[in-house]
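Novice: My file is entry03.cif. It has mmCIF, C-alpha atoms:
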```cif
data_input
loop_
_atom_site.label_atom_id
_atom_site.label_comp_id
_atom_site.auth_asym_id
_atom_site.auth_seq_id
_atom_site.Cartn_x
_atom_site.Cartn_y
_atom_site.Cartn_z
CA MET T 1 136.88 -28.90 28.68
CA GLU T 2 135.74 -26.05 30.96
CA GLU T 3 133.87 -28.54 33.16
CA PHE T 4 136.99 -30.69 33.37
CA VAL T 5 139.15 -27.69 34.34
CA HIS T 6 136.62 -26.71 37.00
CA PHE T 7 136.56 -30.28 38.35
CA THR T 8 140.36 -30.61 38.46
CA ASN T 9 140.69 -27.21 40.15
CA GLN T 10 138.23 -28.32 42.84
CA THR T 11 140.09 -31.62 43.27
CA GLN T 12 143.45 -29.90 43.49
CA GLY T 13 142.10 -27.38 45.98
CA ARG T 14 140.80 -30.11 48.32
CA GLU T 15 143.96 -32.20 47.96
CA ARG T 16 146.18 -29.23 48.77
CA LEU T 17 144.05 -28.40 51.81
CA PHE T 18 144.54 -31.99 53.04
CA ARG T 19 148.25 -31.69 52.23
CA ALA T 20 148.65 -28.42 54.13
CA THR T 21 146.95 -29.90 57.20
CA GLN T 22 149.07 -33.05 56.98
CA TYR T 23 152.36 -31.12 56.89
CA ALA T 24 151.14 -28.80 59.65
CA CYS T 25 150.59 -31.92 61.77
CA MET T 26 154.08 -33.17 60.89
CA LEU T 27 155.63 -29.86 61.92
CA LEU T 28 153.57 -29.64 65.12
CA SER T 29 154.38 -33.21 66.20
CA TYR T 30 158.09 -32.55 65.64
CA MET T 31 157.93 -29.40 67.78
CA LEU T 32 156.12 -31.23 70.61
CA GLU T 33 158.01 -34.53 70.37
CA HIS T 34 160.78 -33.65 72.81
CA LYS T 35 158.60 -31.86 75.34
CA THR T 36 157.53 -33.59 78.52
CA ASN T 37 153.96 -34.80 79.11
CA GLN T 38 153.08 -34.41 75.43
CA GLU T 39 153.30 -38.04 74.36
CA LYS T 40 149.55 -38.56 74.01
CA VAL T 41 149.13 -35.31 72.09
CA VAL T 42 151.96 -36.24 69.74
CA MET T 43 150.44 -39.69 69.13
CA LYS T 44 147.05 -38.14 68.28
CA ILE T 45 148.66 -35.64 65.91
CA LYS T 46 150.64 -38.39 64.19
CA HIS T 47 147.49 -40.47 63.85
CA LEU T 48 145.72 -37.50 62.27
CA GLU T 49 148.69 -36.99 59.94
CA ALA T 50 148.52 -40.63 58.81
CA SER T 51 144.76 -40.36 58.25
CA LEU T 52 145.20 -37.22 56.15
CA ASN T 53 147.91 -38.91 54.11
CA SER T 54 145.55 -41.80 53.40
CA GLY T 55 142.73 -39.40 52.55
CA ARG T 56 144.92 -37.65 49.99
CA LYS T 57 145.17 -40.91 48.03
CA LEU T 58 141.52 -40.47 47.03
CA PHE T 59 142.50 -37.46 44.93
CA ARG T 60 145.34 -39.24 43.12
CA LEU T 61 143.26 -40.34 40.13
CA GLY T 62 142.14 -36.78 39.39
CA ASN T 63 145.70 -35.50 39.78
CA MET T 64 147.03 -38.22 37.46
CA VAL T 65 144.49 -37.33 34.75
CA HIS T 66 145.31 -33.65 35.20
CA ALA T 67 149.05 -34.36 34.75
CA ILE T 68 148.42 -36.33 31.54
CA VAL T 69 146.19 -33.58 30.12
CA ALA T 70 148.78 -30.94 31.11
CA ALA T 71 151.52 -32.93 29.34
CA ARG T 72 149.40 -33.13 26.19
CA GLN T 73 148.75 -29.38 26.30
CA ALA T 74 152.46 -28.69 26.85
CA THR T 75 153.34 -30.40 23.57
CA GLN T 76 151.45 -27.62 21.78
CA LEU T 77 153.50 -24.77 23.28
CA PRO T 78 155.31 -22.75 20.59
CA HIS T 79 158.71 -22.46 22.29
CA LEU T 80 161.13 -25.36 22.61
CA VAL T 81 162.40 -25.10 26.20
CA PRO T 82 158.99 -24.67 27.94
CA ARG T 83 157.50 -27.32 25.65
CA PHE T 84 160.18 -29.89 26.49
CA CYS T 85 160.38 -29.13 30.23
CA LEU T 86 156.64 -29.05 30.89
CA THR T 87 155.91 -32.14 28.80
CA VAL T 88 158.59 -34.26 30.50
CA SER T 89 157.78 -32.85 33.93
CA ASN T 90 154.07 -33.63 33.69
CA LEU T 91 154.72 -37.13 32.33
CA SER T 92 157.11 -37.78 35.21
CA ARG T 93 154.50 -36.45 37.62
CA ALA T 94 151.87 -38.77 36.11
CA LEU T 95 154.24 -41.73 36.61
CA TYR T 96 154.67 -40.65 40.22
CA PHE T 97 150.91 -40.79 40.75
CA VAL T 98 150.80 -44.24 39.11
CA CYS T 99 153.48 -45.54 41.50
CA ASP T 100 151.78 -43.90 44.46
CA THR T 101 148.47 -45.50 43.50
CA VAL T 102 150.15 -48.92 43.37
CA LEU T 103 151.49 -48.32 46.88
CA TRP T 104 147.99 -47.37 48.05
CA VAL T 105 146.59 -50.59 46.54
CA LYS T 106 149.27 -52.46 48.50
CA SER T 107 148.44 -50.61 51.75
CA VAL T 108 144.72 -51.44 51.62
CA GLY T 109 145.45 -55.11 50.97
CA LEU T 110 144.07 -55.42 47.45
CA LEU T 111 147.42 -56.77 46.22
CA SER T 112 149.99 -58.43 48.44
CA ASP T 113 152.83 -59.32 46.05
CA ILE T 114 153.91 -55.72 45.43
CA LYS T 115 157.44 -54.75 46.50
CA LYS T 116 156.74 -51.65 48.54
CA LYS T 117 160.36 -50.46 48.74
CA LYS T 118 160.93 -50.70 44.99
CA TRP T 119 157.69 -48.91 44.06
CA GLY T 120 158.31 -46.30 46.75
CA ASN T 121 161.77 -45.63 45.33
CA TRP T 122 160.35 -45.28 41.82
CA ALA T 123 157.67 -42.88 43.03
CA THR T 124 160.22 -40.71 44.83
CA LYS T 125 162.53 -40.60 41.80
CA CYS T 126 159.69 -39.64 39.46
CA TYR T 127 158.64 -36.87 41.84
CA TYR T 128 162.25 -35.69 42.19
CA TYR T 129 162.83 -35.58 38.41
CA SER T 130 159.57 -33.70 37.90
CA LEU T 131 160.57 -31.04 40.42
CA MET T 132 164.09 -30.66 39.02
CA ILE T 133 162.75 -30.15 35.49
CA ASN T 134 160.21 -27.64 36.81
CA LEU T 135 163.03 -25.73 38.51
CA ALA T 136 165.07 -25.78 35.30
CA GLU T 137 162.10 -24.26 33.46
CA ASP T 138 161.65 -21.67 36.23
CA LEU T 139 165.34 -20.76 35.93
CA TYR T 140 165.06 -20.38 32.16
CA GLU T 141 161.95 -18.23 32.52
CA LEU T 142 163.70 -16.07 35.12
CA CYS T 143 166.81 -15.63 32.95
CA TRP T 144 164.68 -14.69 29.96
CA ARG T 145 162.74 -12.06 31.89
CA MET T 146 165.92 -10.69 33.46
CA GLU T 147 167.47 -10.47 29.99
CA GLN T 148 164.45 -8.53 28.72
CA ALA T 149 164.64 -6.20 31.72
CA ALA T 150 168.37 -5.67 31.21
CA ARG T 151 167.87 -4.86 27.51
CA MET T 152 164.77 -2.70 27.54
CA GLY T 153 164.05 -1.82 31.16
CA LYS T 154 160.97 -4.03 31.28
CA PRO T 155 160.02 -7.50 29.98
CA LYS T 156 158.45 -7.66 26.54
CA GLU T 157 155.51 -10.05 26.81
CA ASP T 158 155.22 -10.89 23.10
CA SER T 159 158.91 -11.74 22.60
CA SER T 160 160.06 -15.28 21.99
CA PRO T 161 161.78 -16.79 25.05
CA CYS T 162 163.98 -18.84 22.72
CA GLY T 163 165.38 -15.84 20.87
CA PRO T 164 167.59 -14.03 23.42
CA GLN T 165 171.10 -15.34 24.04
CA PHE T 166 171.20 -13.72 27.51
CA GLN T 167 174.08 -11.44 26.43
CA SER T 168 172.93 -8.46 28.48
CA LEU T 169 172.33 -10.67 31.51
CA VAL T 170 175.81 -12.21 31.32
CA SER T 171 177.32 -8.76 30.91
CA LEU T 172 175.43 -7.52 33.96
CA ALA T 173 176.45 -10.55 36.05
CA THR T 174 180.12 -10.09 35.23
CA GLY T 175 179.86 -6.39 36.04
CA GLY T 176 179.17 -6.97 39.73
CA LEU T 177 176.99 -8.86 42.16
CA GLN T 178 174.93 -5.94 43.43
CA PRO T 179 173.41 -4.87 40.06
CA PHE T 180 172.66 -8.51 39.26
CA LEU T 181 170.87 -9.06 42.58
CA LEU T 182 168.93 -5.81 42.17
CA LEU T 183 167.74 -6.94 38.75
CA LEU T 184 166.85 -10.37 40.15
CA CYS T 185 164.74 -8.89 42.96
CA LYS T 186 163.10 -6.43 40.58
CA THR T 187 162.19 -9.19 38.14
CA LEU T 188 160.73 -11.48 40.81
CA ARG T 189 158.78 -8.59 42.33
CA LYS T 190 157.23 -7.81 38.94
CA HIS T 191 156.33 -11.46 38.31
CA PRO T 192 154.74 -12.99 41.45
CA PRO T 193 153.62 -16.19 39.63
CA LEU T 194 157.25 -16.99 38.76
CA LEU T 195 158.35 -16.29 42.33
CA LEU T 196 155.58 -18.45 43.82
CA ASP T 197 156.23 -21.33 41.42
CA THR T 198 159.96 -21.29 42.20
CA VAL T 199 159.37 -21.18 45.97
CA LYS T 200 156.86 -24.04 45.72
CA ASN T 201 159.21 -26.26 43.72
CA LEU T 202 162.16 -25.53 46.03
CA CYS T 203 160.08 -26.36 49.12
CA ASP T 204 158.75 -29.56 47.54
CA LEU T 205 162.32 -30.77 46.97
CA SER T 206 162.96 -31.30 50.70
CA SER T 207 161.00 -34.56 50.88
CA PRO T 208 162.50 -36.44 47.88
CA LEU T 209 165.99 -35.19 48.72
CA ASP T 210 165.61 -36.71 52.18
CA ARG T 211 164.09 -39.99 50.97
CA LEU T 212 166.74 -40.50 48.29
CA GLY T 213 169.52 -39.74 50.80
CA ILE T 214 170.83 -36.81 48.73
CA CYS T 215 170.33 -34.28 51.53
CA LYS T 216 169.11 -35.72 54.82
CA SER T 217 166.69 -33.60 56.81
CA ASN T 218 164.22 -33.99 59.68
CA PRO T 219 160.41 -34.03 59.93
CA GLY T 220 160.41 -30.43 61.16
CA VAL T 221 162.09 -29.07 58.02
CA ILE T 222 160.04 -31.30 55.73
CA GLY T 223 156.84 -30.30 57.52
CA LEU T 224 157.64 -26.59 57.27
CA CYS T 225 158.60 -26.80 53.58
CA GLY T 226 155.54 -28.90 52.80
CA LEU T 227 153.28 -26.43 54.61
CA ILE T 228 154.72 -23.46 52.69
CA SER T 229 154.39 -25.33 49.39
CA SER T 230 150.79 -26.30 50.16
CA ILE T 231 149.82 -22.73 51.08
CA VAL T 232 151.31 -21.50 47.79
CA GLY T 233 149.37 -24.23 45.96
CA ILE T 234 146.10 -23.25 47.64
CA LEU T 235 146.79 -19.61 46.81
CA THR T 236 147.30 -20.35 43.10
CA VAL T 237 144.05 -22.35 42.98
CA ALA T 238 142.10 -19.61 44.76
CA ARG T 239 143.76 -16.85 42.69
CA PRO T 240 144.37 -18.23 39.16
CA HIS T 241 146.20 -15.06 38.08
CA LEU T 242 149.01 -16.09 40.46
CA ARG T 243 149.55 -19.37 38.60
CA LEU T 244 152.54 -19.38 36.25
CA LYS T 245 151.36 -19.40 32.63
CA HIS T 246 153.36 -20.25 29.51
#
```
Now that the file is in, can you turn its structure into structure tokens?

Specialist:
Amino acid sequence: MEEFVHFTNQTQGRERLFRATQYACMLLSYMLEHKTNQEKVVMKIKHLEASLNSGRKLFRLGNMVHAIVAARQATQLPHLVPRFCLTVSNLSRALYFVCDTVLWVKSVGLLSDIKKKKWGNWATKCYYYSLMINLAEDLYELCWRMEQAARMGKPKEDSSPCGPQFQSLVSLATGGLQPFLLLLCKTLRKHPPLLLDTVKNLCDLSSPLDRLGICKSNPGVIGLCGLISSIVGILTVARPHLRLKH
């Protein structure tokens, strides 16, 4: 198991490095696109972006296996909400990698009778659902920690996250915006892994929201959000203590 974790961490680290470079290229090409005498540079950057996107497909199998293993481990969590959210999220993420692999098989010409639009839509929806469930779990975790801080001045690590009814938090929220925001900032500052995970999931949402037509954006915004998300991902691989644990 330790060898597998080490292998998946290496795979994730390389994939996120490719991803960060790809989104940096997307952002850079968008910034140069409307400038004069930059057409050749933009074309080279877009070609590099496409090559990096294709290269990332090589890591999909490892990511898919990692998602399945993570879903299995999530079923053993003691608390209901994290157990449900993380299990469903990782299964949805695994389905996304399956759909993405099918699209890659289509792109390299191994299978020709695959409906690219349909599989692409399925992949985007699976990715979108996974992110939304992750954000729901982040929100629950944040509310729990804020409730603990409101009750006792600091979070109690060995408490059950399913026990509190968020009474103190609701009371604080109804008492005014400023105390609530101060508690929110204090909680996020004390728990960097929760902050990083929330930022990463929010940034990742830009791409599926655009593809599904829920909130249209442009390559510049998607590139910037993807770059931020990738940097956070690389940081959590390089510094495991910054990864959100349950």

Novice: Can you list, as number ranges by chain, every protein, DNA or RNA residue that comes within 9 Å of region 28-38 of chain T when you count only C-alpha atoms, leaving out same-chain residues fewer than 6 positions away?

Specialist: T: 45-46, 218-220, 223

Novice: What does the distance between CA of Lys106 (chain T) and CA of Leu58 (chain T) come to in Å, to one decimal place?

Specialist: 14.4 Å

Novice: Tell me, in Å to one decimal, how far CA of His79 (chain T) is from CA of Lys190 (chain T).

Specialist: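 Interatomic distance, CA of His79 (chain T) to CA of Lys190 (chain T): 22.2 Å.
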
Novice: Which residue gives the smallest distance to Leu196 (chain T) among T:Val42, T:Leu86, T:Ala71, T:Ile231, with all atoms listed in the file counted?

Specialist: T:Ile231

Novice: Identify, on the basis of only C-alpha atoms, every residue whose closest approach to Gly55 (chain T) does not exceed 12 Å; exclude the query and any residue fewer than 5 positions from it along the same chain; express the result as a PyMOL selection string.

Specialist: chain T and resi 14-19+21-22+48-50+60+104

Novice: I need the output of the PyMOL selection byres ((chain T and resi 211) around 12) for this file as a short mmCIF file (atom, residue, chain, number, x, y, z; two decimals) with C-alpha atoms, in the frame of the given file; which residues are they?

Specialist:
```cif
data_model
loop_
_atom_site.label_atom_id
_atom_site.label_comp_id
_atom_site.auth_asym_id
_atom_site.auth_seq_id
_atom_site.Cartn_x
_atom_site.Cartn_y
_atom_site.Cartn_z
CA LYS T 117 160.36 -50.46 48.74
CA GLY T 120 158.31 -46.30 46.75
CA ASN T 121 161.77 -45.63 45.33
CA TRP T 122 160.35 -45.28 41.82
CA ALA T 123 157.67 -42.88 43.03
CA THR T 124 160.22 -40.71 44.83
CA LYS T 125 162.53 -40.60 41.80
CA TYR T 127 158.64 -36.87 41.84
CA TYR T 128 162.25 -35.69 42.19
CA LEU T 205 162.32 -30.77 46.97
CA SER T 206 162.96 -31.30 50.70
CA SER T 207 161.00 -34.56 50.88
CA PRO T 208 162.50 -36.44 47.88
CA LEU T 209 165.99 -35.19 48.72
CA ASP T 210 165.61 -36.71 52.18
CA LEU T 212 166.74 -40.50 48.29
CA GLY T 213 169.52 -39.74 50.80
CA ILE T 214 170.83 -36.81 48.73
CA CYS T 215 170.33 -34.28 51.53
CA LYS T 216 169.11 -35.72 54.82
CA SER T 217 166.69 -33.60 56.81
CA ASN T 218 164.22 -33.99 59.68
CA PRO T 219 160.41 -34.03 59.93
CA ILE T 222 160.04 -31.30 55.73
#
```

Novice: What does the distance between CA of Ile114 (chain T) and CA of Met26 (chain T) come to in Å, to one decimal place?

Specialist: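 So the answer is 27.3 Å.
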
Novice: With the file shown as input, list the residues that the PyMOL selection byres ((chain T and resi 191) around 12) selects, as a ChimeraX atom specification.

Specialist: /T:138,141-142,145-146,149,154-155,157,184-190,192-198,241-245

Novice: Written as a ChimeraX atom specification, which residues does the PyMOL selection byres ((chain T and resi 57) around 10) give for the file shown?

Specialist: /T:15,52-56,58-61,63,97,100-101,103-105

Novice: At a cut-off of 8 Å, using all atoms listed in the file, what residues contact Thr87 (chain T)? Leave out same-chain residues fewer than 2 positions from it and give the result as a list of chain:residue names.

Specialist: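 The neighbour list is T:Ala70, T:Ala71, T:Arg72, T:Ala74, T:Thr75, T:Arg83, T:Phe84, T:Cys85, T:Ser89, T:Asn90, T:Leu91.
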
Novice: For Trp144 (chain T), which residue out of T:Lys40, T:Cys203, T:Val221, T:Val81 is the nearest one, using all atoms listed in the file?

Specialist: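 Using all atoms listed in the file, the shortest distance to Trp144 (chain T) belongs to T:Val81.
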
Novice: Enclose region 227-242 of chain T, meaning all of its atoms listed in the file, in a box aligned along x, y and z, pad it by 5 Å on each side, and list the centre and edge lengths in Å to one decimal, as lines of an AutoDock Vina configuration file.

Specialist:
```
center_x = 148.4
center_y = -20.7
center_z = 46.3
size_x = 22.6
size_y = 21.4
size_z = 26.5
```
